[in-house]
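Peer 1: My structure is below; once you've seen it, I'll send some questions.
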Amino acid sequence: MTRVFSGVKPTGHLTLGNYLGALRRWAEVDQHQADALFCVVDLHALTVDHDPARVRRLSRQAATLLLASGLDPKRCTVFVQSHVDEHARLSYLLECVATDGEMRRMIQYKEKAAREQGRGGSVRLSLLTYPALMAADILAYDTDEVPVGEDQTQHVELARDLAVRFNHRYGHTFVVPRATAPKVAARVMNLQDPTSKMGKSDDSGPGIVYLLDEPEVVRKKVMRAVTDSGQDVVYDREERPGVANLLEILAACEGGDPEALSGAYASYGALKKDTAEAVVEVLRPVQERHRELCADPGYVDGVLRAGAAEAREMARPTVDAAYRAIGLLPA
């Protein structure tokens with residue numbers, strides 16, 4: 001059976017983009033068709049300045065929202081990265097296989113490092129090396145497929161390169177994974193800046209719909225979404241990014257085709273209204289289930305404990321094999 005691994009980073013509140021681009025597919029497709037693991041990758045949240053209490057709070061919220069989105073612990077493994085030591089154990093070995101040039105070519109590192117240098121500061125070393133940790137997340141579980149957005153494809157390619165290089169140098173140890181992406185709404189854009197992704201770490205709150213936003217807040221944000229010059233509702237990613245974003249969100253919510261939907265609207269206002277209602281309805285069951293889970297914290301704790309135990313059992317043989325292959329004495 002195909003093994004799938006993916007995760008969410010607790011650096012901000014999860015968004016509509018996270019749900020339409022990833023969580024919903026995990027719940028509706030991946031957990032039913034694969035041996036699937038889904039992880040709150042909290043160690044990755046330590047690569048930038050952070051408030052420890054906020055990381056803990058967001059980690060728990062993310063885990064609860066994974067379950068609220070439909071992940072079933074009887075069908076998949078849900079856990080927190082730091083609860084499984086094998087991630088950190090394998091990460092160092094992969095740092096010993098990766099090169100400095102590979103790390104510095106990572107787009108996210110280059111962008112964040114440039115921003116900090118522009119402010120007269122510098123980034124943490126862990127931001128440079130965290131792609132090795134991400135590769136460890138994937139390779140520890142003999143992962144076949146990694147469902148990710150476009151912005152993370154480069155990191156999966158690095159994991160592939162490191163797996164191939166390790167296998168060549170030290171003997172076959174790792175499965176070589178591949179990235180997969182949903183065809184619709186793989187990248188939901190910011191409502192106020194439709195050329196930028198709707199990111200959970202973004203400061204532009206009015207352009208981001210969070211999974212726990214109240215219905216009236218959702219409606220207000222969508223109705224205030226930036227559109228484009230002209231009056232015709234046309235699906236054109238390049239020339240009409242604002243309208244295209246609304247059409248893609250509506251299509252993702254209702255299971256339609258954005259280009260076909262464009263012909264049904266004579267005005268931006270009508271499109272915004274229908275999109276707002278579609279988003280409210282898509283989020284309603286997630287929010288209801290989230291409230292139920294928050295009322296039973298012991299259940300969430302139990303799921304995470306059991307998930308970590310399952311993940312540890314799966315990862316340990318592969319990581320132990322990597323330790324032997326690279327030349328370390330067995331304990």
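Every chain in the structure tokens takes a letter, A first, then B, and so on in the order presented; its residues are numbered from 1, and the ligands are numbered from 1 following the presented order.
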If we count only C-alpha atoms and set the cut-off at 9 Å, which residues sit around A:Asp213, ignoring sequence neighbours fewer than 5 positions away in its own chain? Please answer as a list in words.
Peer 2: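 Listing them by chain and then by number gives Val218, Leu283 and Gln287 of chain A.
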Peer 1: As a ChimeraX atom specification, please: the residues near A:Leu304 (cut-off 8 Å, only C-alpha atoms, same-chain neighbours under 2 positions excluded).
Peer 2: /A:78-80,300-302,306-308
Peer 1: May I have the selected residues written with N, CA and C atoms, as a short mmCIF file (atom, residue, chain, number, x, y, z; two decimals), in the first residue's frame?
Peer 2:
```cif
data_model
loop_
_atom_site.label_atom_id
_atom_site.label_comp_id
_atom_site.auth_asym_id
_atom_site.auth_seq_id
_atom_site.Cartn_x
_atom_site.Cartn_y
_atom_site.Cartn_z
N VAL A 78 -2.03 10.28 13.27
CA VAL A 78 -1.94 11.72 13.53
C VAL A 78 -1.06 11.91 14.76
N PHE A 79 -0.01 12.73 14.64
CA PHE A 79 0.91 12.87 15.76
C PHE A 79 1.65 14.19 15.68
N VAL A 80 2.44 14.46 16.72
CA VAL A 80 3.26 15.67 16.80
C VAL A 80 4.72 15.27 16.59
N VAL A 300 -8.22 14.19 22.35
CA VAL A 300 -7.13 14.66 21.49
C VAL A 300 -5.78 14.18 22.04
N ASP A 301 -5.58 14.29 23.35
CA ASP A 301 -4.34 13.81 23.96
C ASP A 301 -4.12 12.34 23.66
N GLY A 302 -5.17 11.54 23.77
CA GLY A 302 -5.06 10.11 23.51
C GLY A 302 -4.71 9.81 22.07
N ALA A 306 -1.23 7.89 20.99
CA ALA A 306 -1.28 6.66 20.19
C ALA A 306 -0.61 6.88 18.84
N GLY A 307 -0.82 8.07 18.24
CA GLY A 307 -0.20 8.36 16.96
C GLY A 307 1.31 8.38 17.04
N ALA A 308 1.85 8.98 18.11
CA ALA A 308 3.30 9.02 18.28
C ALA A 308 3.87 7.61 18.45
#
```
Peer 1: Pick out the residues sitting within 10 Å of A:Tyr109, and hand them over as a PyMOL selection string; count only C-alpha atoms, and ignore anything fewer than 5 positions along from it in its own chain.
Peer 2: chain A and resi 103-104+114-115+123+127-131
Peer 1: For those residues, write C-alpha atoms to a file as a PDB file, in the first residue's frame.
Peer 2:
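Listed below is the output, again18.pdb:
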```
ATOM      1  CA  MET A 103      20.817  24.309   1.719  1.00  0.00           C
ATOM      2  CA  ARG A 104      21.554  27.846   0.543  1.00  0.00           C
ATOM      3  CA  ALA A 114      17.592  38.448   2.409  1.00  0.00           C
ATOM      4  CA  ARG A 115      14.778  40.094   4.395  1.00  0.00           C
ATOM      5  CA  VAL A 123      18.651  34.198  10.561  1.00  0.00           C
ATOM      6  CA  LEU A 127      16.530  27.920   9.138  1.00  0.00           C
ATOM      7  CA  LEU A 128      19.409  26.957   6.854  1.00  0.00           C
ATOM      8  CA  THR A 129      19.429  23.288   7.885  1.00  0.00           C
ATOM      9  CA  TYR A 130      15.706  22.663   8.358  1.00  0.00           C
ATOM     10  CA  PRO A 131      15.272  21.159   4.849  1.00  0.00           C
TER      11      PRO A 131
END
```
Peer 1: Choose the residue, out of A:Val279, A:Met1, A:Thr15, A:Leu293, that has the smallest atom-to-atom separation from A:Asn190; count only C-alpha atoms.
Peer 2: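 Under the stated criterion, the closest residue is A:Thr15.
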Peer 1: For atom CA of A:Gln81 and atom CA of A:Ile326, determine how far apart the two atoms are, in Å to one decimal place.
Peer 2: 23.5 Å
Peer 1: So which one's closest to A:Leu211, A:Arg105, A:Arg89, A:His290, A:Arg54? Using only C-alpha atoms, please.
Peer 2: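 Ranked by minimum distance to A:Leu211, first place goes to A:His290.
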Peer 1: From the DSSP assignment of the backbone, select every residue of stretch 82-186 of chain A that is alpha helix (DSSP H), and format the answer as number ranges by chain.
Peer 2: A: 86-95, 100-104, 107-118, 125-139, 153-170
Peer 1: Please produce a file of those selected residues containing C-alpha atoms, as a JSON list (two decimals), in the first residue's frame.
Peer 2:
```
[["chain", "number", "residue", "atom", "x", "y", "z"],
["A", 86, "GLU", "CA", 13.53, 9.57, 15.12],
["A", 87, "HIS", "CA", 12.94, 12.84, 13.27],
["A", 88, "ALA", "CA", 15.82, 14.59, 15.05],
["A", 89, "ARG", "CA", 18.01, 11.47, 14.97],
["A", 90, "LEU", "CA", 17.75, 11.14, 11.22],
["A", 91, "SER", "CA", 17.99, 14.86, 10.56],
["A", 92, "TYR", "CA", 21.63, 14.99, 11.65],
["A", 93, "LEU", "CA", 22.57, 12.06, 9.41],
["A", 94, "LEU", "CA", 21.02, 13.83, 6.44],
["A", 95, "GLU", "CA", 22.90, 17.03, 7.30],
["A", 100, "ASP", "CA", 26.06, 23.72, 2.08],
["A", 101, "GLY", "CA", 25.20, 24.79, -1.48],
["A", 102, "GLU", "CA", 22.01, 22.73, -1.50],
["A", 103, "MET", "CA", 20.82, 24.31, 1.72],
["A", 104, "ARG", "CA", 21.55, 27.85, 0.54],
["A", 107, "ILE", "CA", 14.04, 29.48, -1.99],
["A", 108, "GLN", "CA", 12.49, 30.03, 1.44],
["A", 109, "TYR", "CA", 15.92, 30.35, 3.07],
["A", 110, "LYS", "CA", 17.12, 32.80, 0.42],
["A", 111, "GLU", "CA", 14.01, 34.97, 0.78],
["A", 112, "LYS", "CA", 13.98, 35.04, 4.58],
["A", 113, "ALA", "CA", 17.74, 35.53, 4.86],
["A", 114, "ALA", "CA", 17.59, 38.45, 2.41],
["A", 115, "ARG", "CA", 14.78, 40.09, 4.39],
["A", 116, "GLU", "CA", 16.71, 39.80, 7.65],
["A", 117, "GLN", "CA", 19.93, 41.07, 6.12],
["A", 118, "GLY", "CA", 17.99, 44.05, 4.79],
["A", 125, "LEU", "CA", 21.27, 28.31, 11.65],
["A", 126, "SER", "CA", 18.26, 26.00, 11.94],
["A", 127, "LEU", "CA", 16.53, 27.92, 9.14],
["A", 128, "LEU", "CA", 19.41, 26.96, 6.85],
["A", 129, "THR", "CA", 19.43, 23.29, 7.89],
["A", 130, "TYR", "CA", 15.71, 22.66, 8.36],
["A", 131, "PRO", "CA", 15.27, 21.16, 4.85],
["A", 132, "ALA", "CA", 17.35, 18.26, 6.16],
["A", 133, "LEU", "CA", 14.85, 17.88, 9.00],
["A", 134, "MET", "CA", 12.00, 18.00, 6.51],
["A", 135, "ALA", "CA", 13.73, 15.30, 4.49],
["A", 136, "ALA", "CA", 14.06, 13.25, 7.68],
["A", 137, "ASP", "CA", 10.33, 13.68, 8.35],
["A", 138, "ILE", "CA", 9.65, 12.09, 4.98],
["A", 139, "LEU", "CA", 12.38, 9.46, 4.68],
["A", 153, "THR", "CA", 8.04, 20.97, -4.01],
["A", 154, "GLN", "CA", 11.69, 22.05, -3.86],
["A", 155, "HIS", "CA", 12.04, 20.54, -0.40],
["A", 156, "VAL", "CA", 10.63, 17.20, -1.55],
["A", 157, "GLU", "CA", 13.08, 17.24, -4.46],
["A", 158, "LEU", "CA", 15.87, 17.71, -1.93],
["A", 159, "ALA", "CA", 14.57, 14.73, 0.07],
["A", 160, "ARG", "CA", 14.68, 12.68, -3.13],
["A", 161, "ASP", "CA", 18.26, 13.78, -3.84],
["A", 162, "LEU", "CA", 19.41, 12.97, -0.30],
["A", 163, "ALA", "CA", 17.74, 9.55, -0.38],
["A", 164, "VAL", "CA", 19.37, 8.66, -3.69],
["A", 165, "ARG", "CA", 22.79, 9.92, -2.51],
["A", 166, "PHE", "CA", 22.58, 8.07, 0.82],
["A", 167, "ASN", "CA", 21.50, 4.85, -0.91],
["A", 168, "HIS", "CA", 24.36, 5.16, -3.41],
["A", 169, "ARG", "CA", 27.03, 5.83, -0.79],
["A", 170, "TYR", "CA", 25.96, 3.58, 2.05]]
```
Peer 1: Which residue, A:Val97, A:His44, A:Ala36, A:Arg316, has the smallest gap to A:Cys76 when you use only C-alpha atoms?
Peer 2: A:Ala36
Peer 1: Take atom CA of A:Pro177 and atom CA of A:Thr143 and report the distance between them in Å, one decimal.
Peer 2: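 Separation of atom CA of A:Pro177 and atom CA of A:Thr143: 5.7 Å.
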Peer 1: Interatomic distance between atom CA of A:Ser196 and atom CA of A:Glu238?
Peer 2: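 Between atom CA of A:Ser196 and atom CA of A:Glu238 the gap is 12.8 Å.
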Peer 1: As an MDAnalysis selection string, please: the residues near A:Ala68 (cut-off 10 Å, only C-alpha atoms, same-chain neighbours under 6 positions excluded).
Peer 2: chainID A and resid 23 27 62 285:294
Peer 1: Which residues in stretch 41-225 of chain A does DSSP call strand (DSSP E)? List them as number ranges by chain.
Peer 2: A: 76-80, 145-147, 178-180
Peer 1: Applying 9 Å and only C-alpha atoms, which residues near A:Arg219 remain after dropping the ones on its own chain fewer than 4 positions away? List them as a PyMOL selection string.
Peer 2: chain A and resi 214-215+223-224+272-273+275-277+279-280
Peer 1: Got a sec: who's within 12 Å of A:Thr11, counting only C-alpha atoms, leaving out chain neighbours fewer than 4 positions off, as a compact mmCIF listing (two decimals) with all heavy atoms, in the first residue's frame?
Peer 2:
```
# COMPACT_ATOMS: atom_id res chain seq x y z
N THR A 15 -5.48 28.18 7.74
CA THR A 15 -6.30 29.01 6.88
C THR A 15 -7.15 28.20 5.91
O THR A 15 -6.99 26.98 5.77
CB THR A 15 -5.41 29.95 6.04
OG1 THR A 15 -4.73 29.16 5.04
CG2 THR A 15 -4.39 30.66 6.90
N VAL A 40 1.95 17.33 12.99
CA VAL A 40 2.16 18.73 13.34
C VAL A 40 3.67 18.89 13.52
O VAL A 40 4.25 18.39 14.47
CB VAL A 40 1.42 19.12 14.63
CG1 VAL A 40 1.72 20.57 14.99
CG2 VAL A 40 -0.07 18.90 14.48
N VAL A 41 4.32 19.57 12.56
CA VAL A 41 5.78 19.63 12.55
C VAL A 41 6.27 20.81 13.40
O VAL A 41 6.76 21.82 12.91
CB VAL A 41 6.33 19.69 11.09
CG1 VAL A 41 6.18 18.35 10.42
CG2 VAL A 41 5.62 20.77 10.27
N ASP A 42 6.17 20.62 14.70
CA ASP A 42 6.46 21.71 15.63
C ASP A 42 7.93 22.08 15.70
O ASP A 42 8.27 23.24 15.99
CB ASP A 42 5.91 21.39 17.03
CG ASP A 42 6.40 20.06 17.60
OD1 ASP A 42 6.92 19.23 16.82
OD2 ASP A 42 6.25 19.85 18.81
N LEU A 43 8.83 21.14 15.42
CA LEU A 43 10.25 21.49 15.44
C LEU A 43 10.58 22.55 14.39
O LEU A 43 11.47 23.38 14.58
CB LEU A 43 11.11 20.24 15.20
CG LEU A 43 11.05 19.16 16.29
CD1 LEU A 43 11.86 17.94 15.88
CD2 LEU A 43 11.55 19.69 17.63
N HIS A 44 9.86 22.54 13.29
CA HIS A 44 10.09 23.53 12.24
C HIS A 44 9.71 24.94 12.70
O HIS A 44 10.21 25.93 12.16
CB HIS A 44 9.30 23.17 10.98
CG HIS A 44 9.80 21.94 10.31
ND1 HIS A 44 11.05 21.86 9.73
CD2 HIS A 44 9.22 20.73 10.11
CE1 HIS A 44 11.21 20.65 9.20
NE2 HIS A 44 10.13 19.94 9.43
N ALA A 45 8.83 25.04 13.67
CA ALA A 45 8.41 26.35 14.17
C ALA A 45 9.51 27.03 14.98
O ALA A 45 9.40 28.22 15.29
CB ALA A 45 7.15 26.21 15.01
N LEU A 46 10.57 26.30 15.33
CA LEU A 46 11.64 26.86 16.15
C LEU A 46 12.73 27.51 15.31
O LEU A 46 13.69 28.04 15.87
CB LEU A 46 12.26 25.76 17.01
CG LEU A 46 11.29 24.89 17.84
CD1 LEU A 46 12.08 23.94 18.74
CD2 LEU A 46 10.33 25.74 18.64
N THR A 47 12.59 27.49 13.98
CA THR A 47 13.63 28.03 13.11
C THR A 47 13.60 29.56 13.04
O THR A 47 14.49 30.17 12.44
CB THR A 47 13.51 27.46 11.69
OG1 THR A 47 12.23 27.83 11.14
CG2 THR A 47 13.65 25.94 11.71
N VAL A 48 12.56 30.17 13.60
CA VAL A 48 12.43 31.63 13.61
C VAL A 48 12.12 32.07 15.04
O VAL A 48 11.80 31.25 15.90
CB VAL A 48 11.32 32.10 12.66
CG1 VAL A 48 11.69 31.78 11.21
CG2 VAL A 48 9.98 31.47 13.02
N ASP A 49 12.21 33.36 15.29
CA ASP A 49 11.84 33.88 16.61
C ASP A 49 10.41 33.45 16.94
O ASP A 49 9.51 33.55 16.09
CB ASP A 49 11.94 35.40 16.64
CG ASP A 49 13.38 35.88 16.62
OD1 ASP A 49 14.28 35.07 16.92
OD2 ASP A 49 13.60 37.06 16.28
N HIS A 50 10.18 33.01 18.17
CA HIS A 50 8.85 32.50 18.50
C HIS A 50 8.61 32.62 20.00
O HIS A 50 9.54 32.72 20.80
CB HIS A 50 8.73 31.02 18.10
CG HIS A 50 9.71 30.14 18.83
ND1 HIS A 50 11.00 29.97 18.43
CD2 HIS A 50 9.56 29.38 19.97
CE1 HIS A 50 11.62 29.15 19.27
NE2 HIS A 50 10.78 28.79 20.22
N ASP A 51 7.34 32.60 20.36
CA ASP A 51 6.90 32.58 21.74
C ASP A 51 6.61 31.12 22.09
O ASP A 51 5.72 30.51 21.48
CB ASP A 51 5.64 33.43 21.90
CG ASP A 51 5.02 33.32 23.28
OD1 ASP A 51 5.66 32.75 24.19
OD2 ASP A 51 3.87 33.79 23.45
N PRO A 52 7.33 30.51 23.02
CA PRO A 52 7.12 29.10 23.33
C PRO A 52 5.67 28.74 23.65
O PRO A 52 5.16 27.70 23.19
CB PRO A 52 8.03 28.85 24.54
CG PRO A 52 9.12 29.86 24.39
CD PRO A 52 8.46 31.07 23.81
N ALA A 53 5.01 29.59 24.43
CA ALA A 53 3.62 29.29 24.79
C ALA A 53 2.73 29.30 23.54
O ALA A 53 1.80 28.49 23.41
CB ALA A 53 3.11 30.31 25.81
N ARG A 54 3.01 30.21 22.62
CA ARG A 54 2.21 30.29 21.39
C ARG A 54 2.44 29.06 20.52
O ARG A 54 1.51 28.53 19.91
CB ARG A 54 2.55 31.56 20.61
CG ARG A 54 1.67 31.79 19.38
CD ARG A 54 1.89 33.18 18.80
NE ARG A 54 0.95 33.46 17.73
CZ ARG A 54 1.20 33.26 16.44
NH1 ARG A 54 2.39 32.78 16.07
NH2 ARG A 54 0.29 33.53 15.53
N VAL A 55 3.68 28.58 20.44
CA VAL A 55 3.95 27.38 19.65
C VAL A 55 3.18 26.19 20.21
O VAL A 55 2.57 25.41 19.47
CB VAL A 55 5.47 27.07 19.61
CG1 VAL A 55 5.73 25.69 19.00
CG2 VAL A 55 6.20 28.15 18.81
N ARG A 56 3.18 26.05 21.54
CA ARG A 56 2.42 24.95 22.15
C ARG A 56 0.93 25.09 21.85
O ARG A 56 0.25 24.10 21.52
CB ARG A 56 2.66 24.92 23.67
CG ARG A 56 3.99 24.32 24.07
CD ARG A 56 4.06 24.08 25.58
NE ARG A 56 4.12 25.34 26.32
CZ ARG A 56 5.24 25.96 26.65
NH1 ARG A 56 6.41 25.45 26.27
NH2 ARG A 56 5.22 27.08 27.34
N ARG A 57 0.43 26.31 21.98
CA ARG A 57 -1.01 26.54 21.75
C ARG A 57 -1.38 26.26 20.29
O ARG A 57 -2.39 25.59 20.01
CB ARG A 57 -1.35 27.98 22.12
CG ARG A 57 -2.83 28.32 22.05
CD ARG A 57 -3.11 29.67 22.68
NE ARG A 57 -2.46 30.77 21.97
CZ ARG A 57 -1.40 31.45 22.42
NH1 ARG A 57 -0.86 31.14 23.59
NH2 ARG A 57 -0.86 32.43 21.71
N LEU A 58 -0.57 26.74 19.37
CA LEU A 58 -0.87 26.53 17.96
C LEU A 58 -0.67 25.07 17.55
O LEU A 58 -1.36 24.58 16.65
CB LEU A 58 0.01 27.43 17.09
CG LEU A 58 -0.31 28.93 17.14
CD1 LEU A 58 0.69 29.71 16.32
CD2 LEU A 58 -1.74 29.19 16.65
N SER A 59 0.25 24.38 18.20
CA SER A 59 0.45 22.96 17.90
C SER A 59 -0.79 22.16 18.28
O SER A 59 -1.26 21.31 17.52
CB SER A 59 1.66 22.41 18.66
OG SER A 59 2.85 23.04 18.22
N ARG A 60 -1.33 22.45 19.44
CA ARG A 60 -2.54 21.74 19.86
C ARG A 60 -3.72 22.12 18.97
O ARG A 60 -4.53 21.26 18.59
CB ARG A 60 -2.86 22.05 21.32
CG ARG A 60 -4.06 21.25 21.82
CD ARG A 60 -4.30 21.39 23.29
NE ARG A 60 -5.32 20.43 23.68
CZ ARG A 60 -5.09 19.16 23.96
NH1 ARG A 60 -3.86 18.69 23.89
NH2 ARG A 60 -6.07 18.35 24.29
N GLN A 61 -3.84 23.41 18.63
CA GLN A 61 -4.93 23.82 17.76
C GLN A 61 -4.83 23.14 16.40
O GLN A 61 -5.83 22.70 15.84
CB GLN A 61 -4.90 25.34 17.60
CG GLN A 61 -6.06 25.89 16.77
CD GLN A 61 -5.92 27.37 16.51
OE1 GLN A 61 -5.29 27.78 15.53
NE2 GLN A 61 -6.50 28.18 17.39
N ALA A 62 -3.62 23.07 15.86
CA ALA A 62 -3.43 22.42 14.55
C ALA A 62 -3.82 20.95 14.61
O ALA A 62 -4.50 20.44 13.71
CB ALA A 62 -1.98 22.57 14.10
N GLY A 199 -1.05 32.74 3.31
CA GLY A 199 -0.19 32.05 4.26
C GLY A 199 -0.61 32.29 5.69
O GLY A 199 -0.99 33.39 6.07
N LYS A 200 -0.47 31.26 6.52
CA LYS A 200 -0.90 31.38 7.92
C LYS A 200 0.05 32.24 8.74
O LYS A 200 -0.31 32.72 9.81
CB LYS A 200 -1.04 30.00 8.56
CG LYS A 200 0.21 29.15 8.59
CD LYS A 200 -0.08 27.79 9.22
CE LYS A 200 1.15 26.90 9.25
NZ LYS A 200 1.62 26.52 7.91
N SER A 201 1.27 32.47 8.24
CA SER A 201 2.22 33.32 8.95
C SER A 201 2.16 34.76 8.48
O SER A 201 2.88 35.62 8.99
CB SER A 201 3.64 32.79 8.74
OG SER A 201 3.75 31.46 9.19
N ASP A 202 1.29 35.05 7.53
CA ASP A 202 1.17 36.39 6.96
C ASP A 202 0.56 37.35 7.99
O ASP A 202 -0.30 36.98 8.77
CB ASP A 202 0.29 36.33 5.72
CG ASP A 202 0.49 37.51 4.78
OD1 ASP A 202 0.63 38.62 5.31
OD2 ASP A 202 0.50 37.30 3.56
N ASP A 203 0.99 38.60 7.92
CA ASP A 203 0.45 39.61 8.82
C ASP A 203 -0.82 40.26 8.27
O ASP A 203 -1.49 41.01 8.97
CB ASP A 203 1.49 40.70 9.08
CG ASP A 203 2.69 40.16 9.87
OD1 ASP A 203 2.49 39.26 10.69
OD2 ASP A 203 3.79 40.67 9.64
```
